[in-house]
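Data from run_30.txt: compact mmCIF, C-alpha atoms
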```
# COMPACT_ATOMS: atom_id res chain seq x y z
CA MET A 1 10.71 6.06 -1.49
CA GLU A 2 8.97 9.38 -1.52
CA PRO A 3 8.10 11.36 -4.67
CA ALA A 4 10.53 14.04 -3.54
CA GLU A 5 13.37 11.52 -3.66
CA VAL A 6 12.41 10.40 -7.14
CA GLU A 7 12.38 14.04 -8.19
CA PHE A 8 15.87 14.43 -6.73
CA LEU A 9 17.13 11.58 -8.89
CA ALA A 10 15.40 13.07 -11.91
CA GLU A 11 17.25 16.34 -11.49
CA LYS A 12 20.42 14.72 -12.77
CA GLU A 13 19.05 14.58 -16.30
CA LEU A 14 20.62 16.96 -18.81
CA VAL A 15 18.71 19.80 -20.44
CA THR A 16 19.81 22.59 -22.78
CA ILE A 17 19.91 26.21 -21.65
CA VAL A 18 21.01 29.51 -23.15
CA PRO A 19 22.86 31.51 -20.46
CA ASN A 20 23.13 35.28 -20.39
CA PHE A 21 26.37 35.40 -18.41
CA SER A 22 29.82 34.06 -19.03
CA LEU A 23 31.85 31.70 -16.91
CA ASP A 24 34.75 29.36 -17.48
CA ARG A 25 34.50 25.62 -17.09
CA ILE A 26 33.58 24.65 -13.52
CA HIS A 27 34.86 21.41 -12.09
CA LEU A 28 32.34 19.65 -9.88
CA ILE A 29 32.59 16.25 -8.23
CA GLY A 30 30.14 14.75 -10.70
CA GLY A 31 31.93 16.10 -13.75
CA ASP A 32 32.76 19.30 -15.56
CA LEU A 33 30.22 21.90 -16.65
CA GLY A 34 30.64 24.76 -18.95
CA PRO A 35 32.12 26.97 -20.31
CA PHE A 36 29.15 29.38 -20.30
CA ASN A 37 29.00 32.06 -22.98
CA PRO A 38 26.06 34.41 -23.41
CA GLY A 39 23.80 33.34 -26.25
CA LEU A 40 25.40 29.94 -26.82
CA PRO A 41 23.40 26.86 -25.82
CA VAL A 42 25.01 24.52 -23.31
CA GLU A 43 23.88 21.29 -21.64
CA VAL A 44 23.55 21.27 -17.87
CA PRO A 45 21.76 19.10 -15.29
CA VAL A 46 18.21 20.11 -14.42
CA TRP A 47 19.06 21.18 -10.87
CA LEU A 48 21.45 23.79 -12.17
CA ALA A 49 19.10 24.87 -14.95
CA ILE A 50 16.24 25.50 -12.49
CA ASN A 51 18.54 27.40 -10.16
CA LEU A 52 19.87 29.64 -12.94
CA LYS A 53 16.39 30.23 -14.27
CA GLN A 54 15.17 31.33 -10.85
CA ARG A 55 18.03 33.82 -10.70
CA GLN A 56 17.10 34.96 -14.22
CA LYS A 57 20.47 34.03 -15.63
CA CYS A 58 19.35 31.78 -18.46
CA ARG A 59 16.59 30.73 -20.84
CA LEU A 60 15.49 27.11 -20.91
CA ILE A 61 15.05 25.19 -24.14
CA PRO A 62 12.43 22.43 -23.83
CA PRO A 63 13.63 18.88 -24.60
CA GLU A 64 12.70 17.76 -28.07
CA TRP A 65 10.02 15.35 -26.84
CA MET A 66 8.17 18.10 -24.99
CA ASP A 67 6.13 19.15 -27.99
CA VAL A 68 2.39 18.87 -28.56
CA GLY A 69 2.58 16.73 -31.71
CA LYS A 70 5.02 14.24 -30.29
CA LEU A 71 3.19 13.92 -27.00
CA GLU A 72 -0.08 13.30 -28.82
CA GLU A 73 1.59 10.49 -30.75
CA ILE A 74 2.95 9.00 -27.55
CA ARG A 75 -0.42 9.23 -25.84
CA ASP A 76 -2.24 7.57 -28.74
CA GLN A 77 0.27 4.80 -28.96
CA GLU A 78 0.02 4.20 -25.23
CA ARG A 79 -3.73 3.84 -25.55
CA LYS A 80 -3.47 1.38 -28.42
CA GLU A 81 -0.95 -1.01 -26.93
CA ASP A 82 -1.63 -3.46 -24.13
CA THR A 83 1.89 -3.35 -22.82
CA PHE A 84 3.90 -0.31 -21.80
CA THR A 85 5.52 1.71 -24.58
CA PRO A 86 8.99 3.14 -24.00
CA MET A 87 8.83 6.70 -22.76
CA PRO A 88 11.00 9.47 -24.20
CA SER A 89 12.67 9.96 -20.87
CA PRO A 90 12.74 7.72 -17.81
CA TYR A 91 11.72 10.75 -15.77
CA TYR A 92 9.09 12.28 -18.00
CA MET A 93 6.67 13.06 -15.18
CA GLU A 94 9.21 14.84 -12.99
CA LEU A 95 10.75 16.80 -15.85
CA THR A 96 7.33 17.94 -16.99
CA LYS A 97 6.44 19.16 -13.53
CA LEU A 98 9.76 20.92 -12.93
CA LEU A 99 10.08 22.57 -16.31
CA LEU A 100 6.46 23.63 -16.50
CA ASN A 101 6.49 25.07 -13.00
CA TYR A 102 9.67 27.09 -13.29
CA ALA A 103 10.04 27.81 -16.98
CA SER A 104 6.59 27.83 -18.52
CA ASP A 105 7.37 31.07 -20.32
CA ASN A 106 10.05 29.30 -22.33
CA ILE A 107 7.83 26.41 -23.34
CA PRO A 108 5.13 26.91 -25.95
CA LYS A 109 1.61 25.56 -25.24
CA ALA A 110 2.50 24.63 -21.66
CA ASP A 111 -1.07 23.80 -20.60
CA GLU A 112 -1.67 21.41 -23.47
CA ILE A 113 1.58 19.67 -22.71
CA ARG A 114 0.57 19.29 -19.09
CA THR A 115 -2.77 17.75 -20.11
CA LEU A 116 -1.18 15.37 -22.59
CA VAL A 117 1.39 14.13 -20.10
CA LYS A 118 -1.30 13.65 -17.46
CA ASP A 119 -3.39 11.62 -19.94
CA THR A 120 -0.45 9.40 -20.72
CA TRP A 121 0.24 8.97 -16.99
CA ASP A 122 -3.37 7.97 -16.31
CA THR A 123 -3.35 5.42 -19.11
CA ARG A 124 -0.13 3.86 -17.83
CA MET A 125 -1.37 3.71 -14.24
CA ALA A 126 -4.57 2.01 -15.38
CA LYS A 127 -2.50 -0.57 -17.28
CA LEU A 128 -0.34 -1.10 -14.21
CA ARG A 129 -3.38 -1.77 -12.05
CA LEU A 130 -4.86 -4.17 -14.58
CA SER A 131 -1.61 -6.05 -14.74
CA ALA A 132 -1.34 -6.19 -10.93
CA ASP A 133 -4.87 -7.54 -10.69
CA SER A 134 -4.27 -10.32 -13.20
CA PHE A 135 -0.99 -11.13 -11.42
CA VAL A 136 -2.80 -11.58 -8.12
CA ARG A 137 -5.73 -13.48 -9.62
CA GLN A 138 -3.57 -16.09 -11.24
CA GLN A 139 -1.23 -16.28 -8.25
CA GLU A 140 1.81 -16.09 -10.48
CA ALA A 141 5.24 -16.35 -8.97
CA HIS A 142 6.83 -13.55 -10.92
CA ALA A 143 6.00 -11.00 -13.57
CA LYS A 144 8.08 -8.78 -15.84
CA LEU A 145 7.03 -5.32 -16.90
CA ASP A 146 9.16 -3.36 -19.34
CA ASN A 147 9.37 0.37 -19.75
CA LEU A 148 8.02 1.42 -16.39
CA THR A 149 9.38 4.60 -14.88
CA LEU A 150 10.46 4.97 -11.28
CA MET A 151 7.66 7.36 -10.33
CA GLU A 152 4.99 4.89 -11.45
CA ILE A 153 6.62 2.04 -9.56
CA ASN A 154 6.96 4.21 -6.49
CA THR A 155 3.30 5.25 -6.37
CA THR A 156 1.87 1.74 -6.45
CA GLY A 157 4.85 -0.19 -5.09
CA THR A 158 4.11 -0.21 -1.37
CA PHE A 159 0.51 -1.25 -1.79
CA LEU A 160 1.35 -4.05 -4.16
CA THR A 161 4.17 -5.51 -2.09
CA GLN A 162 2.08 -5.48 1.08
CA ALA A 163 -0.85 -7.15 -0.63
CA LEU A 164 1.45 -9.79 -2.07
CA ASP A 165 2.94 -10.34 1.41
CA HIS A 166 -0.50 -11.03 2.83
CA MET A 167 -1.32 -13.32 -0.04
CA TYR A 168 1.89 -15.26 0.48
CA LYS A 169 1.15 -15.80 4.16
CA LEU A 170 -2.39 -16.92 3.41
CA ARG A 171 -1.00 -19.28 0.81
CA THR A 172 1.42 -20.95 3.17
CA ASN A 173 -1.59 -21.78 5.34
CA LEU A 174 -2.58 -24.22 2.65
CA GLN A 175 0.38 -26.46 3.40
CA PRO A 176 -0.51 -28.43 6.48
CA GLY A 177 2.81 -30.17 6.71
CA GLU A 178 4.20 -28.46 9.78
CA SER A 179 4.98 -30.19 13.01
CA ALA A 180 2.22 -29.72 15.52
CA HIS A 181 3.11 -27.49 18.43
CA SER A 182 2.12 -29.65 21.32
CA GLN A 183 2.83 -29.13 24.94
CA ASP A 184 2.30 -31.77 27.53
CA PHE A 185 1.22 -30.51 30.91
CA MET B 1 10.18 7.26 6.56
CA SER B 2 9.09 10.28 8.51
CA GLU B 3 7.06 8.35 11.06
CA ALA B 4 8.08 7.79 14.62
CA TYR B 5 6.09 4.62 15.20
CA PHE B 6 6.26 1.51 13.06
CA PRO B 7 3.42 -0.77 14.08
CA VAL B 8 4.02 -4.52 14.10
CA GLY B 9 1.73 -6.13 11.58
CA PRO B 10 -0.46 -9.14 12.22
CA GLY B 11 1.09 -12.54 11.64
CA LEU B 12 -1.25 -14.19 9.18
CA GLY B 13 0.01 -17.68 9.48
CA LEU B 14 -0.68 -20.29 12.09
CA GLU B 15 1.17 -18.30 14.72
CA GLU B 16 0.22 -14.78 15.75
CA ASN B 17 2.71 -12.01 16.23
CA PHE B 18 3.10 -11.50 19.95
CA LEU B 19 3.65 -7.75 19.68
CA SER B 20 0.99 -6.98 17.11
CA LEU B 21 -1.96 -4.95 18.42
CA ASP B 22 -4.14 -6.27 15.63
CA ASP B 23 -3.46 -9.83 16.67
CA ILE B 24 -4.17 -9.07 20.32
CA LEU B 25 -7.54 -7.57 19.45
CA MET B 26 -8.27 -10.40 17.08
CA SER B 27 -7.68 -13.11 19.63
CA GLN B 28 -10.43 -11.58 21.76
CA GLU B 29 -13.07 -12.68 19.27
CA LYS B 30 -15.29 -15.47 20.52
CA LEU B 31 -15.67 -19.01 19.29
CA PRO B 32 -18.55 -21.33 19.97
CA GLY B 33 -17.49 -24.51 21.74
CA ARG B 34 -18.48 -27.30 24.05
CA ALA B 35 -17.03 -28.52 27.31
CA GLU B 36 -15.87 -32.08 26.83
CA SER B 37 -15.38 -32.97 30.45
CA ALA B 38 -16.85 -31.57 33.64
CA LEU B 39 -14.95 -28.47 34.70
CA PRO B 40 -15.02 -28.13 38.48
CA ARG B 41 -15.61 -24.69 39.96
CA LEU B 42 -15.25 -22.87 36.66
CA ALA B 43 -18.89 -22.09 35.98
CA LEU B 44 -18.58 -18.45 36.99
CA ALA B 45 -15.35 -17.86 35.13
CA LEU B 46 -16.84 -19.12 31.91
CA GLY B 47 -19.98 -17.07 32.19
CA GLN B 48 -22.54 -19.59 33.31
CA GLY B 49 -23.98 -20.31 36.70
CA ALA B 50 -24.09 -18.00 39.70
CA GLY B 51 -22.38 -19.74 42.58
CA SER B 52 -18.66 -19.50 43.17
CA ALA B 53 -18.12 -23.25 43.47
CA GLU B 54 -20.35 -24.59 40.73
CA ALA B 55 -18.99 -27.10 38.34
CA LEU B 56 -19.67 -26.85 34.65
CA PRO B 57 -21.33 -30.04 33.54
CA GLU B 58 -20.01 -31.98 30.59
CA GLY B 59 -21.39 -31.07 27.19
CA SER B 60 -22.55 -27.55 27.98
CA LYS B 61 -22.20 -24.94 25.31
CA LEU B 62 -19.65 -22.17 25.76
CA GLU B 63 -18.57 -19.02 24.00
CA ILE B 64 -14.89 -18.59 24.63
CA PRO B 65 -12.36 -16.12 23.26
CA LEU B 66 -9.72 -17.41 20.88
CA TRP B 67 -6.78 -17.04 23.25
CA LEU B 68 -8.51 -19.25 25.81
CA ALA B 69 -9.55 -21.76 23.19
CA LYS B 70 -6.01 -22.05 21.86
CA GLY B 71 -4.61 -22.53 25.33
CA LEU B 72 -7.11 -25.19 26.35
CA HIS B 73 -7.10 -27.08 23.10
CA ASP B 74 -5.29 -30.36 23.24
CA SER B 75 -6.14 -33.47 21.29
CA LYS B 76 -5.09 -35.80 24.08
CA ARG B 77 -6.73 -34.25 27.15
CA ARG B 78 -10.10 -33.30 25.85
CA ILE B 79 -11.11 -30.29 27.87
CA ILE B 80 -13.08 -28.38 25.27
CA SER B 81 -13.91 -28.82 21.67
CA VAL B 82 -14.49 -25.93 19.30
CA GLU B 83 -16.85 -25.47 16.42
CA LEU B 84 -16.39 -23.23 13.45
CA PRO B 85 -18.14 -19.88 13.56
CA LYS B 86 -20.79 -19.73 10.87
CA ILE B 87 -18.90 -17.58 8.39
CA TYR B 88 -16.26 -20.25 7.96
CA LYS B 89 -18.79 -22.97 7.34
CA GLU B 90 -19.93 -24.47 4.08
CA ALA B 91 -22.89 -22.15 3.47
CA TRP B 92 -20.93 -18.94 3.75
CA ARG B 93 -17.99 -20.41 1.85
CA THR B 94 -20.20 -20.80 -1.20
CA VAL B 95 -21.37 -17.20 -0.81
CA PHE B 96 -17.76 -16.06 -0.85
CA SER B 97 -16.91 -18.11 -3.89
CA ALA B 98 -19.93 -16.76 -5.77
CA ASP B 99 -19.12 -13.10 -5.24
CA ALA B 100 -16.75 -12.02 -2.55
CA ASN B 101 -17.23 -8.31 -3.13
CA VAL B 102 -20.74 -7.98 -1.75
CA VAL B 103 -20.02 -9.36 1.70
CA ASP B 104 -19.69 -6.91 4.55
CA LEU B 105 -16.54 -8.30 6.11
CA HIS B 106 -16.47 -5.70 8.84
CA LYS B 107 -19.75 -6.92 10.27
CA MET B 108 -18.74 -10.57 10.05
CA GLY B 109 -16.05 -10.15 12.62
CA PRO B 110 -13.60 -7.41 11.73
CA TYR B 111 -10.69 -9.87 11.60
CA TYR B 112 -11.89 -12.38 9.04
CA TYR B 113 -8.49 -13.25 7.60
CA GLY B 114 -6.55 -13.34 10.84
CA PHE B 115 -9.17 -15.27 12.75
CA GLY B 116 -9.58 -17.72 9.90
CA SER B 117 -5.85 -18.37 9.85
CA GLN B 118 -5.88 -19.05 13.57
CA LEU B 119 -8.77 -21.48 13.22
CA LEU B 120 -6.50 -23.73 11.19
CA ASN B 121 -4.70 -24.51 14.44
CA PHE B 122 -7.57 -26.65 15.64
CA ASP B 123 -7.66 -29.99 13.89
CA ASN B 124 -10.68 -29.90 11.73
CA PRO B 125 -11.36 -31.95 8.62
CA GLU B 126 -12.48 -28.85 6.72
CA ASN B 127 -9.17 -26.99 7.19
CA PRO B 128 -7.95 -27.11 3.56
CA GLU B 129 -11.26 -25.79 2.30
CA ILE B 130 -11.25 -22.99 4.85
CA ALA B 131 -7.70 -21.98 3.91
CA GLN B 132 -8.56 -22.04 0.22
CA SER B 133 -11.71 -20.02 0.77
CA ILE B 134 -9.88 -17.31 2.73
CA LEU B 135 -7.23 -17.02 0.03
CA GLN B 136 -9.76 -16.81 -2.78
CA THR B 137 -11.79 -14.18 -0.96
CA PHE B 138 -8.70 -12.03 -0.57
CA ILE B 139 -7.82 -12.36 -4.25
CA ASN B 140 -11.32 -11.50 -5.39
CA ARG B 141 -11.58 -8.41 -3.24
CA PHE B 142 -8.10 -7.17 -4.09
CA ARG B 143 -9.15 -5.37 -7.26
CA ARG B 144 -11.80 -3.31 -5.61
CA ILE B 145 -9.52 -2.24 -2.74
CA MET B 146 -6.80 -1.26 -5.18
CA ASP B 147 -9.10 0.78 -7.38
CA SER B 148 -10.90 2.56 -4.60
CA SER B 149 -7.77 3.40 -2.63
CA GLN B 150 -5.89 4.74 -5.66
CA ASN B 151 -8.69 6.87 -7.01
CA ALA B 152 -10.32 8.48 -4.01
CA TYR B 153 -8.41 11.68 -3.43
CA ASN B 154 -9.61 14.17 -0.85
CA GLU B 155 -12.99 12.52 -0.47
CA ASP B 156 -14.82 11.03 2.40
CA THR B 157 -13.82 7.40 2.26
CA SER B 158 -16.01 6.07 5.04
CA ALA B 159 -18.47 4.58 2.57
CA LEU B 160 -15.65 2.75 0.82
CA VAL B 161 -14.04 1.23 3.90
CA ALA B 162 -17.25 0.35 5.69
CA ARG B 163 -17.35 -3.17 4.30
CA LEU B 164 -13.68 -4.02 4.61
CA ASP B 165 -12.13 -5.97 7.42
CA GLU B 166 -9.13 -4.69 9.37
CA LEU B 167 -6.46 -6.21 7.15
CA GLU B 168 -8.06 -4.71 4.06
CA ARG B 169 -8.42 -1.36 5.78
CA ALA B 170 -4.69 -1.30 6.47
CA LEU B 171 -4.04 -2.00 2.79
CA PHE B 172 -6.48 0.76 1.86
CA GLN B 173 -4.56 3.20 4.03
CA VAL B 174 -1.30 2.28 2.35
CA GLY B 175 -2.83 2.82 -1.07
CA GLN B 176 -4.26 6.17 -0.01
CA LYS B 177 -0.91 7.24 1.36
CA GLY B 178 0.78 6.48 -1.95
CA LEU B 179 -1.83 8.50 -3.79
CA ASN B 180 -1.73 11.41 -1.36
CA ASP B 181 2.05 11.58 -1.44
CA PHE B 182 2.01 11.74 -5.22
CA GLN B 183 -0.68 14.40 -5.40
CA CYS B 184 0.97 16.44 -2.73
CA TRP B 185 4.25 16.30 -4.64
CA GLU B 186 2.55 17.30 -7.83
CA LYS B 187 1.02 20.35 -6.22
CA GLY B 188 4.44 21.36 -5.00
CA GLN B 189 3.72 20.85 -1.31
CA ALA B 190 6.50 18.32 -0.95
CA SER B 191 9.10 21.04 -0.90
CA GLN B 192 7.34 23.16 1.73
CA ILE B 193 8.63 22.88 5.25
CA THR B 194 5.95 21.85 7.71
CA ALA B 195 6.17 21.14 11.42
CA SER B 196 6.61 17.48 12.21
CA SER B 197 3.56 15.73 13.62
CA LEU B 198 5.56 14.76 16.70
CA VAL B 199 6.27 18.34 17.65
CA GLN B 200 2.83 19.71 16.95
CA ASN B 201 1.38 17.82 19.86
CA TYR B 202 3.70 19.30 22.44
CA GLY B 203 1.58 22.42 22.93
CA LYS B 204 2.90 25.89 22.90
CA ARG B 205 4.95 27.02 25.85
CA LYS B 206 5.36 30.71 26.32
CA PHE B 207 8.87 32.03 26.38
CA THR B 208 8.33 33.78 29.71
CA GLU B 209 7.36 30.52 31.36
CA VAL B 210 10.61 28.90 30.32
CA ASP B 211 12.60 31.78 31.78
CA GLY B 212 10.80 32.00 35.10
```
Take the structure I supplied and represent it as structure tokens, if you would.
Amino acid sequence: MEPAEVEFLAEKELVTIVPNFSLDRIHLIGGDLGPFNPGLPVEVPVWLAINLKQRQKCRLIPPEWMDVGKLEEIRDQERKEDTFTPMPSPYYMELTKLLLNYASDNIPKADEIRTLVKDTWDTRMAKLRLSADSFVRQQEAHAKLDNLTLMEINTTGTFLTQALDHMYKLRTNLQPGESAHSQDF
Amino acid sequence: MSEAYFPVGPGLGLEENFLSLDDILMSQEKLPGRAESALPRLALALGQGAGSAEALPEGSKLEIPLWLAKGLHDSKRRIISVELPKIYKEAWRTVFSADANVVDLHKMGPYYYGFGSQLLNFDNPENPEIAQSILQTFINRFRRIMDSSQNAYNEDTSALVARLDELERALFQVGQKGLNDFQCWEKGQASQITASSLVQNYGKRKFTEVDG
């Protein structure tokens, strides 16, 4: 899976906007949206929010976890724990990138938020690598990791599955119990 | 997903993958061996002797490629017998178990894992130890490959891959690709339209040429 595909899935998440136009309820295949009244906050999926923002038809309200104090708490807790802590949103990385790229004027202290999220990401990736290394060293059959997001899995997934493939094939070499391929001339 | 060519990977077990380029190159590596019986008229073909009808005397030492060794090996009709190359022997196995990260696997035959797996085809009392040693070497070197491939962005990686064998280099490439895809997405380049690598190689044809 490519990062662009993960971002596509992330765009289904809901975010609050304040429109400056009015529109009745619209009926889409995925569900109903609306009605839109100027000045009244309404929840829409991120893909629509970004589109409206680019056309200057709304103002984005950052999600309540996208705040410097909260993110600092999350980052510190991530550093303390050995296992993965639950993240405020299963798509925190994608939402941060999208909202900070398109709507940074609506989000206070955007640069600090970017740094904090990147720190948390780095800590989680380091934990993931440590866990993968101990998994390979002890030749375990299966492992369970809670609270991983799709983007993290996607970045290291291909490498890990290929390495485990190779290890599996090398391991089956240890069993000598196969019938010998012999040909008589 | 956006590639036109999916290479067939090497088969790491006792059988090679027929279509894998890596396996074809790997089976060209040479093994030391001995002729068990006199081989009439084959002296020139096996690299010794000058005449076209010379026989190879029994017991002479040969260096034969793996594909030939596998074909000629038969426990009933003893035509040749093979020895282990030195990196699969006891001395080097203890080096690997001490610290597998310092060994330059590219110099020791760039197909250490594949070749070692193929060696298990020949009946040899040391086979279980060889298999175990190959597996442990892979496990010990895994951490370094993972770290270096996931952290080296936009740098010259030739120093990092110099000591890896071909299998490890393929893994390194996969890790780099994951990292590059992520960074490229984060910079916003994933949504830019670029020409496909297939089309870029076609060369530009001028419109007037097409008409005329």
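Between atom CA of Leu14 of chain B and atom CA of Tyr88 of chain B lies a distance of 16.1 Å.
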Around segment 126-135 of chain A, with edges along x, y and z and 3 Å added on all six sides, what centre and edge lengths do you get, in Å to one decimal, as lines of an AutoDock Vina configuration file?
```
center_x = -2.6
center_y = -4.6
center_z = -14.0
size_x = 10.5
size_y = 19.1
size_z = 12.6
```
Against chain B, which residues of chain A fall within 10 Å? For each one I want the closest pair of atoms and the distance in Å (one decimal), counting only C-alpha atoms, rows by chain and increasing residue number, as CSV.
```
residue,atom,partner,partner_atom,distance
A:Met1,CA,B:Met1,CA,8.2
A:Glu2,CA,B:Asp181,CA,7.3
A:Pro3,CA,B:Phe182,CA,6.1
A:Ala4,CA,B:Ala190,CA,6.4
A:Glu7,CA,B:Trp185,CA,9.2
A:Met93,CA,B:Glu186,CA,9.4
A:Glu94,CA,B:Glu186,CA,8.8
A:Lys97,CA,B:Glu186,CA,7.1
A:Leu98,CA,B:Glu186,CA,9.5
A:Asn101,CA,B:Gly188,CA,9.1
A:Met125,CA,B:Gln150,CA,9.8
A:Ala126,CA,B:Asp147,CA,9.3
A:Arg129,CA,B:Met146,CA,7.7
A:Leu130,CA,B:Arg143,CA,8.6
A:Ala132,CA,B:Arg143,CA,8.7
A:Asp133,CA,B:Arg143,CA,5.9
A:Ser134,CA,B:Arg143,CA,9.1
A:Phe135,CA,B:Ile139,CA,10.0
A:Val136,CA,B:Ile139,CA,6.4
A:Arg137,CA,B:Ile139,CA,5.9
A:Gln138,CA,B:Ile139,CA,9.0
A:Gln139,CA,B:Ile139,CA,8.6
A:Met151,CA,B:Phe182,CA,8.8
A:Glu152,CA,B:Phe182,CA,9.7
A:Asn154,CA,B:Gly178,CA,8.0
A:Thr155,CA,B:Gly178,CA,5.2
A:Thr156,CA,B:Gly178,CA,6.6
A:Gly157,CA,B:Gly178,CA,8.4
A:Thr158,CA,B:Val174,CA,7.0
A:Phe159,CA,B:Gly175,CA,5.3
A:Leu160,CA,B:Gly175,CA,8.6
A:Gln162,CA,B:Leu171,CA,7.2
A:Ala163,CA,B:Leu171,CA,7.0
A:Leu164,CA,B:Ile139,CA,9.9
A:Asp165,CA,B:Leu12,CA,9.6
A:His166,CA,B:Leu12,CA,7.1
A:Met167,CA,B:Leu135,CA,7.0
A:Tyr168,CA,B:Leu135,CA,9.3
A:Lys169,CA,B:Gly13,CA,5.8
A:Leu170,CA,B:Leu135,CA,5.9
A:Arg171,CA,B:Leu135,CA,6.7
A:Thr172,CA,B:Gly13,CA,7.2
A:Asn173,CA,B:Gly13,CA,6.0
A:Leu174,CA,B:Ala131,CA,5.7
A:Gln175,CA,B:Pro128,CA,8.4
A:Pro176,CA,B:Pro128,CA,8.1
A:Glu178,CA,B:Leu14,CA,9.8
A:Ala180,CA,B:Asn121,CA,8.7
A:His181,CA,B:Asn121,CA,9.3
A:Ser182,CA,B:Asp74,CA,7.7
A:Gln183,CA,B:Asp74,CA,8.4
A:Asp184,CA,B:Asp74,CA,8.8
A:Phe185,CA,B:Arg77,CA,9.6
```
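A straight line drawn from atom CA of Leu23 of chain A to atom CA of Asn37 of chain A is 6.7 Å long.
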Q: Would you kindly return, as an MDAnalysis selection string, each protein, DNA or RNA residue with an atom no farther than 12 Å from any atom of Leu21 of chain B, considering all atoms listed in the file and excluding same-chain residues fewer than 6 positions away?
A: chainID B and resid 6:11 27:28 166
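Relative to atom CA of Arg163 of chain B, atom CA of Leu25 of chain B is found at 18.6 Å.
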Q.
Given all atoms listed in the file as the basis, pick out the residue of B:Lys30, B:Lys86, B:Arg169, B:His106 nearest to Leu68 of chain B.
A. B:Lys30
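Summary of the local environment: counting all atoms listed in the file, residues at most 12 Å from Arg75 of chain A, other than itself and those fewer than 6 positions away along its chain, are Val68, Gly69, Glu81, Phe84, Thr85, Pro86, Met87, Pro88, Ile113, Thr115, Leu116, Val117, Lys118, Asp119, Thr120, Trp121, Asp122, Thr123 and Arg124 of chain A.
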Q | Counting all atoms listed in the file, the residue of A:Leu14, A:Ala103, A:Ile26, A:Ile74 that sits nearest Arg55 of chain A | A | A:Ala103
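With distances taken over all atoms listed in the file, A:Trp65 is the one residue among A:Lys127, A:Ser22, A:Lys12, A:Trp65 lying closest to Tyr92 of chain A.
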